[in-house]
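What's in start_39.pdb: PDB, C-alpha atoms
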```
ATOM      1  CA  MET A   1      15.501  35.259 -29.615
ATOM      2  CA  GLU A   2      17.598  38.196 -30.830
ATOM      3  CA  GLY A   3      16.972  39.321 -34.397
ATOM      4  CA  SER A   4      13.841  37.194 -34.796
ATOM      5  CA  THR A   5      10.084  37.626 -34.591
ATOM      6  CA  HIS A   6       8.191  35.093 -32.499
ATOM      7  CA  VAL A   7       4.586  34.035 -33.072
ATOM      8  CA  PRO A   8       2.710  31.120 -31.484
ATOM      9  CA  LEU A   9       1.720  29.497 -34.776
ATOM     10  CA  ILE A  10       2.984  29.802 -38.336
ATOM     11  CA  VAL A  11       1.113  28.394 -41.313
ATOM     12  CA  VAL A  12       3.388  27.836 -44.311
ATOM     13  CA  GLY A  13       1.428  28.037 -47.552
ATOM     14  CA  SER A  14      -1.806  29.745 -48.543
ATOM     15  CA  GLY A  15      -3.872  27.247 -50.508
ATOM     16  CA  PRO A  16      -7.206  25.902 -49.214
ATOM     17  CA  ALA A  17      -5.439  23.892 -46.478
ATOM     18  CA  GLY A  18      -3.389  26.822 -45.205
ATOM     19  CA  LEU A  19      -6.215  29.343 -45.390
ATOM     20  CA  THR A  20      -8.632  27.072 -43.557
ATOM     21  CA  ALA A  21      -6.020  26.365 -40.890
ATOM     22  CA  ALA A  22      -5.475  30.106 -40.533
ATOM     23  CA  LEU A  23      -9.218  30.714 -40.129
ATOM     24  CA  TYR A  24      -9.628  28.113 -37.387
ATOM     25  CA  ALA A  25      -6.513  29.259 -35.555
ATOM     26  CA  ALA A  26      -7.528  32.915 -35.792
ATOM     27  CA  ARG A  27     -11.006  32.185 -34.417
ATOM     28  CA  ALA A  28      -9.302  30.452 -31.471
ATOM     29  CA  ARG A  29      -7.334  33.685 -30.869
ATOM     30  CA  VAL A  30      -4.014  31.958 -31.559
ATOM     31  CA  ASN A  31      -2.978  34.889 -33.810
ATOM     32  CA  PRO A  32      -1.501  32.798 -36.625
ATOM     33  CA  LEU A  33       0.913  34.123 -39.206
ATOM     34  CA  VAL A  34       0.546  32.800 -42.751
ATOM     35  CA  ILE A  35       3.673  32.892 -44.905
ATOM     36  CA  ARG A  36       2.032  32.888 -48.281
ATOM     37  CA  GLY A  37       4.896  31.571 -50.394
ATOM     38  CA  PRO A  38       5.586  31.955 -54.126
ATOM     39  CA  LEU A  39       1.977  31.277 -55.203
ATOM     40  CA  PRO A  40      -0.558  33.070 -52.956
ATOM     41  CA  GLY A  41      -3.740  31.025 -52.985
ATOM     42  CA  GLY A  42      -1.941  27.863 -54.068
ATOM     43  CA  GLN A  43      -2.575  25.680 -57.109
ATOM     44  CA  VAL A  44      -6.343  26.186 -56.801
ATOM     45  CA  THR A  45      -5.902  29.662 -58.326
ATOM     46  CA  HIS A  46      -5.199  27.966 -61.677
ATOM     47  CA  SER A  47      -8.716  26.494 -61.792
ATOM     48  CA  GLN A  48     -10.957  28.500 -64.106
ATOM     49  CA  GLN A  49     -14.165  27.240 -62.538
ATOM     50  CA  ILE A  50     -14.871  25.204 -59.398
ATOM     51  CA  ASP A  51     -18.362  23.745 -59.251
ATOM     52  CA  ASN A  52     -18.000  21.308 -56.349
ATOM     53  CA  PHE A  53     -16.988  23.530 -53.431
ATOM     54  CA  PRO A  54     -19.970  23.692 -51.028
ATOM     55  CA  GLY A  55     -21.776  27.008 -50.824
ATOM     56  CA  PHE A  56     -21.177  28.100 -54.418
ATOM     57  CA  PRO A  57     -23.921  26.491 -56.521
ATOM     58  CA  GLU A  58     -23.207  28.931 -59.350
ATOM     59  CA  GLY A  59     -19.514  27.975 -59.313
ATOM     60  CA  ILE A  60     -16.524  30.092 -58.475
ATOM     61  CA  SER A  61     -13.076  30.614 -59.950
ATOM     62  CA  GLY A  62     -10.115  29.271 -58.014
ATOM     63  CA  PHE A  63      -8.678  32.773 -57.688
ATOM     64  CA  GLU A  64     -11.884  34.170 -56.217
ATOM     65  CA  LEU A  65     -12.264  31.215 -53.853
ATOM     66  CA  ALA A  66      -8.740  31.721 -52.504
ATOM     67  CA  THR A  67      -9.316  35.467 -52.179
ATOM     68  CA  ARG A  68     -12.535  34.992 -50.215
ATOM     69  CA  MET A  69     -10.956  32.361 -47.972
ATOM     70  CA  GLU A  70      -8.097  34.744 -47.192
ATOM     71  CA  GLU A  71     -10.520  37.589 -46.459
ATOM     72  CA  HIS A  72     -12.448  35.287 -44.122
ATOM     73  CA  ALA A  73      -9.318  34.370 -42.170
ATOM     74  CA  SER A  74      -8.224  38.026 -42.069
ATOM     75  CA  THR A  75     -11.575  39.021 -40.573
ATOM     76  CA  TYR A  76     -10.690  37.042 -37.441
ATOM     77  CA  GLY A  77      -7.152  38.359 -37.197
ATOM     78  CA  ALA A  78      -4.973  36.041 -39.273
ATOM     79  CA  ARG A  79      -1.904  37.877 -40.516
ATOM     80  CA  PHE A  80      -0.226  37.343 -43.870
ATOM     81  CA  HIS A  81       3.368  37.805 -44.934
ATOM     82  CA  ASP A  82       4.465  37.682 -48.563
ATOM     83  CA  ALA A  83       7.723  35.792 -48.608
ATOM     84  CA  PHE A  84       9.197  32.424 -49.470
ATOM     85  CA  VAL A  85      10.600  30.150 -46.781
ATOM     86  CA  THR A  86      14.143  29.254 -47.792
ATOM     87  CA  ARG A  87      15.262  27.251 -44.752
ATOM     88  CA  VAL A  88      13.779  25.703 -41.625
ATOM     89  CA  ASP A  89      15.396  24.496 -38.415
ATOM     90  CA  LEU A  90      13.205  21.953 -36.672
ATOM     91  CA  GLN A  91      15.857  20.564 -34.331
ATOM     92  CA  LYS A  92      14.358  22.238 -31.261
ATOM     93  CA  THR A  93      11.579  24.568 -30.182
ATOM     94  CA  PRO A  94      10.817  27.264 -30.891
ATOM     95  CA  TYR A  95      11.054  26.210 -34.516
ATOM     96  CA  ARG A  96      12.969  28.569 -36.801
ATOM     97  CA  LEU A  97      12.025  29.650 -40.311
ATOM     98  CA  TYR A  98      14.103  31.834 -42.597
ATOM     99  CA  THR A  99      12.457  33.768 -45.437
ATOM    100  CA  ASP A 100      13.866  35.210 -48.638
ATOM    101  CA  ASP A 101      13.362  38.770 -47.406
ATOM    102  CA  GLY A 102      16.081  38.244 -44.799
ATOM    103  CA  LEU A 103      13.784  37.684 -41.817
ATOM    104  CA  LEU A 104      13.914  35.009 -39.131
ATOM    105  CA  TRP A 105      10.667  33.759 -37.632
ATOM    106  CA  THR A 106      10.215  31.471 -34.629
ATOM    107  CA  ALA A 107       7.090  29.590 -33.602
ATOM    108  CA  ASP A 108       5.883  27.110 -31.021
ATOM    109  CA  ALA A 109       3.824  25.236 -33.610
ATOM    110  CA  LEU A 110       3.794  24.920 -37.390
ATOM    111  CA  ILE A 111       1.211  23.859 -39.937
ATOM    112  CA  LEU A 112       2.892  22.960 -43.229
ATOM    113  CA  CYS A 113       0.677  23.441 -46.272
ATOM    114  CA  THR A 114       3.251  23.803 -49.029
ATOM    115  CA  GLY A 115       1.314  21.619 -51.467
ATOM    116  CA  ALA A 116       2.552  19.811 -54.530
ATOM    117  CA  THR A 117       3.479  20.997 -58.003
ATOM    118  CA  PRO A 118       2.004  19.151 -60.999
ATOM    119  CA  ARG A 119       4.664  17.756 -63.284
ATOM    120  CA  ALA A 120       4.799  19.670 -66.534
ATOM    121  CA  LEU A 121       5.204  18.278 -70.032
ATOM    122  CA  GLY A 122       7.772  20.955 -70.787
ATOM    123  CA  VAL A 123       6.376  21.767 -74.230
ATOM    124  CA  PRO A 124       5.370  25.052 -75.883
ATOM    125  CA  GLY A 125       1.814  26.198 -75.182
ATOM    126  CA  GLU A 126       1.525  24.637 -71.744
ATOM    127  CA  SER A 127       0.441  27.969 -70.242
ATOM    128  CA  LEU A 128      -2.671  28.227 -72.430
ATOM    129  CA  ALA A 129      -6.141  28.189 -70.892
ATOM    130  CA  GLY A 130      -7.487  24.682 -71.258
ATOM    131  CA  VAL A 131      -4.352  22.937 -70.003
ATOM    132  CA  GLU A 132      -5.719  21.210 -66.917
ATOM    133  CA  HIS A 133      -4.542  18.854 -64.169
ATOM    134  CA  CYS A 134      -7.775  17.772 -62.446
ATOM    135  CA  ALA A 135     -10.671  16.017 -64.141
ATOM    136  CA  THR A 136     -12.824  16.204 -61.013
ATOM    137  CA  CYS A 137     -12.359  19.980 -60.859
ATOM    138  CA  ASP A 138     -12.525  20.935 -64.519
ATOM    139  CA  GLY A 139     -14.063  18.014 -66.407
ATOM    140  CA  PRO A 140     -17.626  19.439 -66.460
ATOM    141  CA  LEU A 141     -16.327  22.493 -68.351
ATOM    142  CA  TYR A 142     -15.760  20.309 -71.411
ATOM    143  CA  ALA A 143     -19.161  18.703 -71.859
ATOM    144  CA  ASP A 144     -19.668  17.423 -75.421
ATOM    145  CA  ARG A 145     -16.141  18.413 -76.418
ATOM    146  CA  THR A 146     -12.944  16.602 -77.358
ATOM    147  CA  VAL A 147     -10.238  16.383 -74.711
ATOM    148  CA  VAL A 148      -6.758  14.888 -74.598
ATOM    149  CA  VAL A 149      -5.396  13.129 -71.503
ATOM    150  CA  VAL A 150      -1.629  12.666 -71.278
ATOM    151  CA  GLY A 151      -0.232   9.889 -69.097
ATOM    152  CA  GLY A 152      -0.128   6.156 -68.575
ATOM    153  CA  GLY A 153      -0.693   5.697 -64.856
ATOM    154  CA  SER A 154      -3.767   5.143 -62.731
ATOM    155  CA  THR A 155      -4.415   8.879 -62.405
ATOM    156  CA  ALA A 156      -4.510   9.330 -66.173
ATOM    157  CA  PHE A 157      -6.841   6.363 -66.643
ATOM    158  CA  THR A 158      -9.101   7.444 -63.782
ATOM    159  CA  ASP A 159      -9.301  10.960 -65.199
ATOM    160  CA  ALA A 160     -10.025   9.611 -68.682
ATOM    161  CA  LEU A 161     -12.904   7.545 -67.317
ATOM    162  CA  GLN A 162     -14.272  10.522 -65.401
ATOM    163  CA  LEU A 163     -13.985  12.769 -68.450
ATOM    164  CA  SER A 164     -15.794  10.198 -70.567
ATOM    165  CA  HIS A 165     -18.983  11.086 -68.675
ATOM    166  CA  TYR A 166     -18.787  14.678 -69.933
ATOM    167  CA  ALA A 167     -16.717  14.831 -73.093
ATOM    168  CA  ARG A 168     -17.789  13.689 -76.529
ATOM    169  CA  GLU A 169     -14.385  12.085 -77.110
ATOM    170  CA  VAL A 170     -11.403  11.395 -74.843
ATOM    171  CA  LEU A 171      -8.007  10.719 -76.411
ATOM    172  CA  LEU A 172      -5.543   9.071 -74.027
ATOM    173  CA  VAL A 173      -1.985   9.800 -75.184
ATOM    174  CA  HIS A 174       0.998   7.843 -73.849
ATOM    175  CA  ARG A 175       4.575   7.476 -75.018
ATOM    176  CA  SER A 176       4.464   3.659 -75.081
ATOM    177  CA  ASP A 177       1.985   0.788 -75.010
ATOM    178  CA  ARG A 178       3.052  -0.218 -71.520
ATOM    179  CA  TYR A 179       0.667   1.359 -69.048
ATOM    180  CA  ARG A 180       1.264   1.632 -65.305
ATOM    181  CA  ALA A 181      -2.434   1.916 -64.483
ATOM    182  CA  GLU A 182      -4.152  -0.827 -62.516
ATOM    183  CA  GLN A 183      -5.375  -3.607 -64.765
ATOM    184  CA  VAL A 184      -9.007  -3.046 -63.829
ATOM    185  CA  LEU A 185      -8.724   0.592 -64.944
ATOM    186  CA  GLN A 186      -7.147  -0.445 -68.226
ATOM    187  CA  GLU A 187     -10.020  -2.837 -68.867
ATOM    188  CA  GLN A 188     -12.598  -0.159 -68.055
ATOM    189  CA  VAL A 189     -10.958   2.308 -70.435
ATOM    190  CA  GLN A 190     -10.781  -0.267 -73.229
ATOM    191  CA  ASN A 191     -14.499  -0.955 -72.762
ATOM    192  CA  THR A 192     -15.511   2.714 -72.822
ATOM    193  CA  SER A 193     -16.678   3.642 -76.305
ATOM    194  CA  ASN A 194     -15.725   7.323 -76.293
ATOM    195  CA  ILE A 195     -12.151   6.795 -75.042
ATOM    196  CA  GLN A 196      -9.476   6.188 -77.680
ATOM    197  CA  LEU A 197      -6.009   5.000 -76.716
ATOM    198  CA  LEU A 198      -3.083   6.584 -78.571
ATOM    199  CA  PRO A 199       0.023   4.634 -77.502
ATOM    200  CA  HIS A 200       3.487   5.456 -78.840
ATOM    201  CA  HIS A 201       2.591   9.142 -79.134
ATOM    202  CA  THR A 202       4.189  12.147 -77.466
ATOM    203  CA  VAL A 203       2.990  15.733 -77.233
ATOM    204  CA  GLN A 204       5.349  18.081 -79.073
ATOM    205  CA  SER A 205       3.413  21.293 -78.463
ATOM    206  CA  ILE A 206       0.006  22.620 -77.459
ATOM    207  CA  LEU A 207      -1.520  24.985 -80.000
ATOM    208  CA  GLY A 208      -3.866  27.939 -79.646
ATOM    209  CA  THR A 209      -3.916  31.683 -79.106
ATOM    210  CA  GLU A 210      -5.279  32.084 -75.584
ATOM    211  CA  GLN A 211      -7.274  28.819 -75.376
ATOM    212  CA  VAL A 212      -6.193  25.313 -76.361
ATOM    213  CA  GLN A 213      -7.243  24.484 -79.912
ATOM    214  CA  ALA A 214      -5.042  21.514 -80.823
ATOM    215  CA  VAL A 215      -2.020  19.438 -79.906
ATOM    216  CA  GLN A 216       0.903  18.501 -82.070
ATOM    217  CA  LEU A 217       1.621  14.797 -81.645
ATOM    218  CA  LYS A 218       4.519  12.670 -82.794
ATOM    219  CA  ASN A 219       4.759   8.930 -83.308
ATOM    220  CA  ALA A 220       7.322   6.697 -84.961
ATOM    221  CA  HIS A 221       6.051   7.589 -88.423
ATOM    222  CA  SER A 222       4.947  11.200 -88.453
ATOM    223  CA  THR A 223       4.152  14.437 -86.684
ATOM    224  CA  PHE A 224       0.578  15.685 -86.977
ATOM    225  CA  VAL A 225      -1.912  18.140 -85.447
ATOM    226  CA  LEU A 226      -4.936  16.867 -83.557
ATOM    227  CA  PRO A 227      -7.778  19.318 -82.722
ATOM    228  CA  THR A 228      -8.843  19.326 -79.073
ATOM    229  CA  ASP A 229     -10.550  21.643 -76.593
ATOM    230  CA  ALA A 230      -8.422  20.760 -73.564
ATOM    231  CA  VAL A 231      -5.309  18.896 -72.496
ATOM    232  CA  PHE A 232      -5.336  17.150 -69.127
ATOM    233  CA  VAL A 233      -1.740  16.546 -68.026
ATOM    234  CA  CYS A 234      -1.729  13.540 -65.685
ATOM    235  CA  ILE A 235       1.921  12.639 -65.233
ATOM    236  CA  GLY A 236       2.100  13.053 -61.476
ATOM    237  CA  SER A 237       3.098  15.801 -59.089
ATOM    238  CA  VAL A 238       6.091  16.678 -56.960
ATOM    239  CA  PRO A 239       5.426  17.413 -53.273
ATOM    240  CA  ASN A 240       6.994  20.671 -52.135
ATOM    241  CA  THR A 241       8.915  19.112 -49.257
ATOM    242  CA  TRP A 242      12.568  19.786 -50.062
ATOM    243  CA  LEU A 243      12.670  22.192 -47.097
ATOM    244  CA  PHE A 244      11.904  19.377 -44.691
ATOM    245  CA  GLU A 245      14.184  16.618 -45.967
ATOM    246  CA  GLY A 246      16.216  15.134 -43.143
ATOM    247  CA  GLN A 247      14.049  16.833 -40.495
ATOM    248  CA  LEU A 248      10.635  15.203 -40.956
ATOM    249  CA  ARG A 249       9.655  11.682 -41.905
ATOM    250  CA  LEU A 250       8.742  11.500 -45.600
ATOM    251  CA  ASP A 251       7.484   8.587 -47.648
ATOM    252  CA  GLN A 252       9.122   7.276 -50.830
ATOM    253  CA  GLN A 253       7.322   9.890 -52.909
ATOM    254  CA  GLY A 254       8.544  12.700 -50.675
ATOM    255  CA  LEU A 255       5.172  13.285 -49.008
ATOM    256  CA  ILE A 256       5.128  14.217 -45.313
ATOM    257  CA  LEU A 257       3.928  11.352 -43.152
ATOM    258  CA  THR A 258       1.204  12.319 -40.681
ATOM    259  CA  ASN A 259      -0.931  10.514 -38.131
ATOM    260  CA  ALA A 260      -4.705  10.770 -37.594
ATOM    261  CA  PHE A 261      -4.162  14.136 -35.872
ATOM    262  CA  MET A 262      -2.307  15.564 -38.908
ATOM    263  CA  GLN A 263       0.833  15.586 -36.748
ATOM    264  CA  THR A 264       4.174  14.919 -38.402
ATOM    265  CA  SER A 265       7.073  13.054 -36.812
ATOM    266  CA  LEU A 266       7.691  16.123 -34.623
ATOM    267  CA  VAL A 267       5.456  17.300 -31.786
ATOM    268  CA  GLY A 268       3.851  20.618 -32.619
ATOM    269  CA  VAL A 269       4.461  20.308 -36.359
ATOM    270  CA  TYR A 270       1.439  19.472 -38.509
ATOM    271  CA  ALA A 271       0.907  19.061 -42.246
ATOM    272  CA  ALA A 272      -2.228  19.436 -44.336
ATOM    273  CA  GLY A 273      -3.309  19.233 -47.947
ATOM    274  CA  GLU A 274      -1.377  17.777 -50.842
ATOM    275  CA  VAL A 275       2.004  18.021 -49.097
ATOM    276  CA  GLN A 276       1.026  14.943 -47.096
ATOM    277  CA  GLU A 277      -0.552  11.681 -48.211
ATOM    278  CA  SER A 278      -3.892  12.567 -49.728
ATOM    279  CA  GLN A 279      -5.891  10.231 -51.946
ATOM    280  CA  PHE A 280      -8.322  12.885 -53.122
ATOM    281  CA  LYS A 281      -6.553  16.033 -54.297
ATOM    282  CA  GLN A 282      -9.474  18.408 -53.955
ATOM    283  CA  ALA A 283      -9.835  21.913 -52.538
ATOM    284  CA  ILE A 284     -12.481  20.699 -50.101
ATOM    285  CA  THR A 285     -10.410  17.774 -48.791
ATOM    286  CA  SER A 286      -7.392  20.054 -48.368
ATOM    287  CA  ALA A 287      -9.587  22.494 -46.466
ATOM    288  CA  GLY A 288     -10.756  19.668 -44.210
ATOM    289  CA  ASP A 289      -7.144  18.657 -43.571
ATOM    290  CA  GLY A 290      -6.336  22.270 -42.698
ATOM    291  CA  ALA A 291      -9.187  22.443 -40.189
ATOM    292  CA  ARG A 292      -8.074  19.228 -38.478
ATOM    293  CA  ALA A 293      -4.454  20.341 -38.349
ATOM    294  CA  ALA A 294      -5.430  23.686 -36.832
ATOM    295  CA  LEU A 295      -7.698  22.148 -34.201
ATOM    296  CA  HIS A 296      -4.930  19.839 -33.029
ATOM    297  CA  ALA A 297      -2.326  22.609 -33.162
ATOM    298  CA  ILE A 298      -4.610  24.768 -31.000
ATOM    299  CA  GLN A 299      -4.935  21.950 -28.461
ATOM    300  CA  HIS A 300      -1.170  21.518 -28.464
ATOM    301  CA  LEU A 301      -0.577  25.229 -27.821
ATOM    302  CA  HIS A 302      -3.162  25.398 -25.030
ATOM    303  CA  LEU A 303      -1.680  22.309 -23.371
ATOM    304  CA  SER A 304       1.855  23.707 -23.656
ATOM    305  CA  ARG A 305       0.789  26.972 -22.044
ATOM    306  CA  SER A 306      -1.001  25.233 -19.189
ATOM    307  CA  MET A 307       2.127  23.222 -18.412
ATOM    308  CA  SER A 308       4.520  26.183 -18.518
TER     309      SER A 308
END
```

Have the structure of the file written as structure tokens, please.
Amino acid sequence: MEGSTHVPLIVVGSGPAGLTAALYAARARVNPLVIRGPLPGGQVTHSQQIDNFPGFPEGISGFELATRMEEHASTYGARFHDAFVTRVDLQKTPYRLYTDDGLLWTADALILCTGATPRALGVPGESLAGVEHCATCDGPLYADRTVVVVGGGSTAFTDALQLSHYAREVLLVHRSDRYRAEQVLQEQVQNTSNIQLLPHHTVQSILGTEQVQAVQLKNAHSTFVLPTDAVFVCIGSVPNTWLFEGQLRLDQQGLILTNAFMQTSLVGVYAAGEVQESQFKQAITSAGDGARAALHAIQHLHLSRSMS
């Protein structure tokens, strides 16, 4: 195709799902290209310490984990391109991808690993160390400390319960007294002695120099400062799927729908990690999704070549 560069397989995104997919595809000599996107390494790079990724009993930072995963994939020939995909054309094969550096790429198969972006509170101080989004990942860092959880849904209540096993005190802040969490979770939280519910409160700002030291809260009567060692923001996430609207089947939340083979509604297009329905938003589960997507993409490419 004139003015374009063709590769057999393109992986869009470079978090644990994309990097694992790239590794498997590279080992199969598919010569994948990874378009790394606006956040090389994905959301995992924001994790200060990961203690539950197999093979790292001493723990590892999210940045180092992503770096080592990329090096591993590169060892087998995966190629990386720093750009942001601005438009895709999935109407026919080869599939077309346009990047913000003015290039056009075509591919016989795609693995979409564009992830999801945690919803932000939109308050000052949200970039401080100690503002977290995953109790499973970062909860053990706050053993015997005070933490604040913000949210009123099942994720917030589940994270509060998980944090209660580590933290000395968990303060669950929500803007009203109407919670969206499942009733059984609400009952468990109410029966957990070191979790305190703070309904009708909103976070005005997060305070600290480099690390979280306190939050400024507001209720109907006053504004006050509450000391805390961490703030877990649990108000949902937005899947990064705007590129694929109208071209792939998405669910009501905007997540890409996939089958057991990680295939989307289009043959030869796969999705892995948090961009598709995933109950457990963990680096290891995303990596597993990436491996499955790559294995099926490899089979698809081999079958297509044998039939041509």

Item to check | Residue neighbourhood Val88 of chain A, 8 Å, only C-alpha atoms, exclusion window fewer than 4 positions, as a ChimeraX atom specification | outcome: /A:95-98,243-244

Checklist entry - What does the distance between atom CA of Val44 of chain A and atom CA of Gln282 of chain A come to in Å, to one decimal place? => result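 Interatomic distance here is 8.9 Å.
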
Checklist entry - Which is closest to Leu104 of chain A among A:Ser4, A:Thr75, A:Thr155, A:Asn52, if we use all atoms listed in the file? => result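 Using all atoms listed in the file, Leu104 of chain A sits closest to A:Ser4.
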
Checklist entry - Do you have the atom CA of Val148 of chain A-atom CA of Asn219 of chain A distance handy? => result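 Distance reported for this atom pair: 15.6 Å.
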
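For the pair atom CA of Leu303 of chain A and atom CA of Gly246 of chain A, the interatomic distance is 27.6 Å.
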
Item to check | Given all atoms listed in the file as the counted atoms, nearest of A:Asp89, A:Glu70, A:Asp138, A:Glu245 to Gln49 of chain A | outcome: A:Asp138

Item to check | segment 183-188 of chain A environment, 12 Å, only C-alpha atoms, sequence neighbours closer than 6 positions dropped, as a list of chain:residue names | outcome: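 Skipping anything fewer than 6 positions along the chain leaves A:Gly152, A:Gly153, A:Ser154, A:Thr155, A:Ala156, A:Phe157, A:Thr158, A:Asp159, A:Ala160, A:Leu161, A:Gln162, A:Ser164, A:Leu172, A:Asp177, A:Asn194, A:Ile195, A:Gln196, A:Leu197.
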
Could I get the residues of segment 22-113 of chain A with an atom no further than 8 Å from an atom of segment 6-12 of chain A, each paired with its nearest atom pair and that distance in Å to one decimal, using all atoms listed in the file, sorted by chain and residue number, as a Markdown table?
```
| residue | atom | partner | partner_atom | distance |
| --- | --- | --- | --- | --- |
| A:Ala22 | CA | A:Val11 | CA | 6.9 |
| A:Val30 | CA | A:Pro8 | CA | 6.8 |
| A:Asn31 | CA | A:Pro8 | CA | 7.2 |
| A:Pro32 | CA | A:Leu9 | CA | 5.0 |
| A:Leu33 | CA | A:Ile10 | CA | 4.9 |
| A:Val34 | CA | A:Val11 | CA | 4.7 |
| A:Ile35 | CA | A:Val12 | CA | 5.1 |
| A:Arg36 | CA | A:Val12 | CA | 6.6 |
| A:Gly37 | CA | A:Val12 | CA | 7.3 |
| A:Val85 | CA | A:Val12 | CA | 8.0 |
| A:Trp105 | CA | A:His6 | CA | 5.9 |
| A:Thr106 | CA | A:His6 | CA | 4.7 |
| A:Ala107 | CA | A:Pro8 | CA | 5.1 |
| A:Asp108 | CA | A:Pro8 | CA | 5.1 |
| A:Ala109 | CA | A:Leu9 | CA | 4.9 |
| A:Leu110 | CA | A:Ile10 | CA | 5.0 |
| A:Ile111 | CA | A:Val11 | CA | 4.7 |
| A:Leu112 | CA | A:Val12 | CA | 5.0 |
| A:Cys113 | CA | A:Val12 | CA | 5.5 |
```

Restricting it to C-alpha atoms, dump the selection as an mmCIF file, in the frame of the given file.
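What ended up in again-v3.cif:
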```
data_model
loop_
_atom_site.group_PDB
_atom_site.id
_atom_site.type_symbol
_atom_site.label_atom_id
_atom_site.label_comp_id
_atom_site.auth_asym_id
_atom_site.auth_seq_id
_atom_site.Cartn_x
_atom_site.Cartn_y
_atom_site.Cartn_z
ATOM 1 C CA ALA A 22 -5.475 30.106 -40.533
ATOM 2 C CA VAL A 30 -4.014 31.958 -31.559
ATOM 3 C CA ASN A 31 -2.978 34.889 -33.810
ATOM 4 C CA PRO A 32 -1.501 32.798 -36.625
ATOM 5 C CA LEU A 33 0.913 34.123 -39.206
ATOM 6 C CA VAL A 34 0.546 32.800 -42.751
ATOM 7 C CA ILE A 35 3.673 32.892 -44.905
ATOM 8 C CA ARG A 36 2.032 32.888 -48.281
ATOM 9 C CA GLY A 37 4.896 31.571 -50.394
ATOM 10 C CA VAL A 85 10.600 30.150 -46.781
ATOM 11 C CA TRP A 105 10.667 33.759 -37.632
ATOM 12 C CA THR A 106 10.215 31.471 -34.629
ATOM 13 C CA ALA A 107 7.090 29.590 -33.602
ATOM 14 C CA ASP A 108 5.883 27.110 -31.021
ATOM 15 C CA ALA A 109 3.824 25.236 -33.610
ATOM 16 C CA LEU A 110 3.794 24.920 -37.390
ATOM 17 C CA ILE A 111 1.211 23.859 -39.937
ATOM 18 C CA LEU A 112 2.892 22.960 -43.229
ATOM 19 C CA CYS A 113 0.677 23.441 -46.272
#
```

Item to check | Using only C-alpha atoms: which of A:Thr93, A:Gln213, A:Lys218, A:Tyr142 has the shortest distance to Ser304 of chain A | outcome: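 Checking each of A:Thr93, A:Gln213, A:Lys218, A:Tyr142 against Ser304 of chain A, counting only C-alpha atoms, the winner is A:Thr93.
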
Checklist entry - Once the PyMOL selection byres ((chain A and resi 53) around 10) has been applied to the shown file, what residues remain in the selection, as a count of residues only? => result 15

Item to check | Residue with smallest distance to Pro118 of chain A - pool A:Tyr24, A:Phe63, A:Phe84, A:Phe232, counting only C-alpha atoms | outcome: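 Closest to Pro118 of chain A, using only C-alpha atoms: A:Phe232.
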
Item to check | Protein and nucleic acid residues near (4.0, 22.1, -82.5) (cut-off 9 Å, all atoms listed in the file) as JSON, numbers by chain | outcome: {"A": [123, 124, 125, 203, 204, 205, 206, 207, 215, 216, 217, 223, 224, 225]}

Next on the checklist: I'd like the residues picked by the PyMOL selection byres ((chain A and resi 241) around 10) written out as a ChimeraX atom specification, using the chain letters and numbers from the file.
Outcome noted: /A:112-116,238-240,242-245,248,250,254-256,275-276
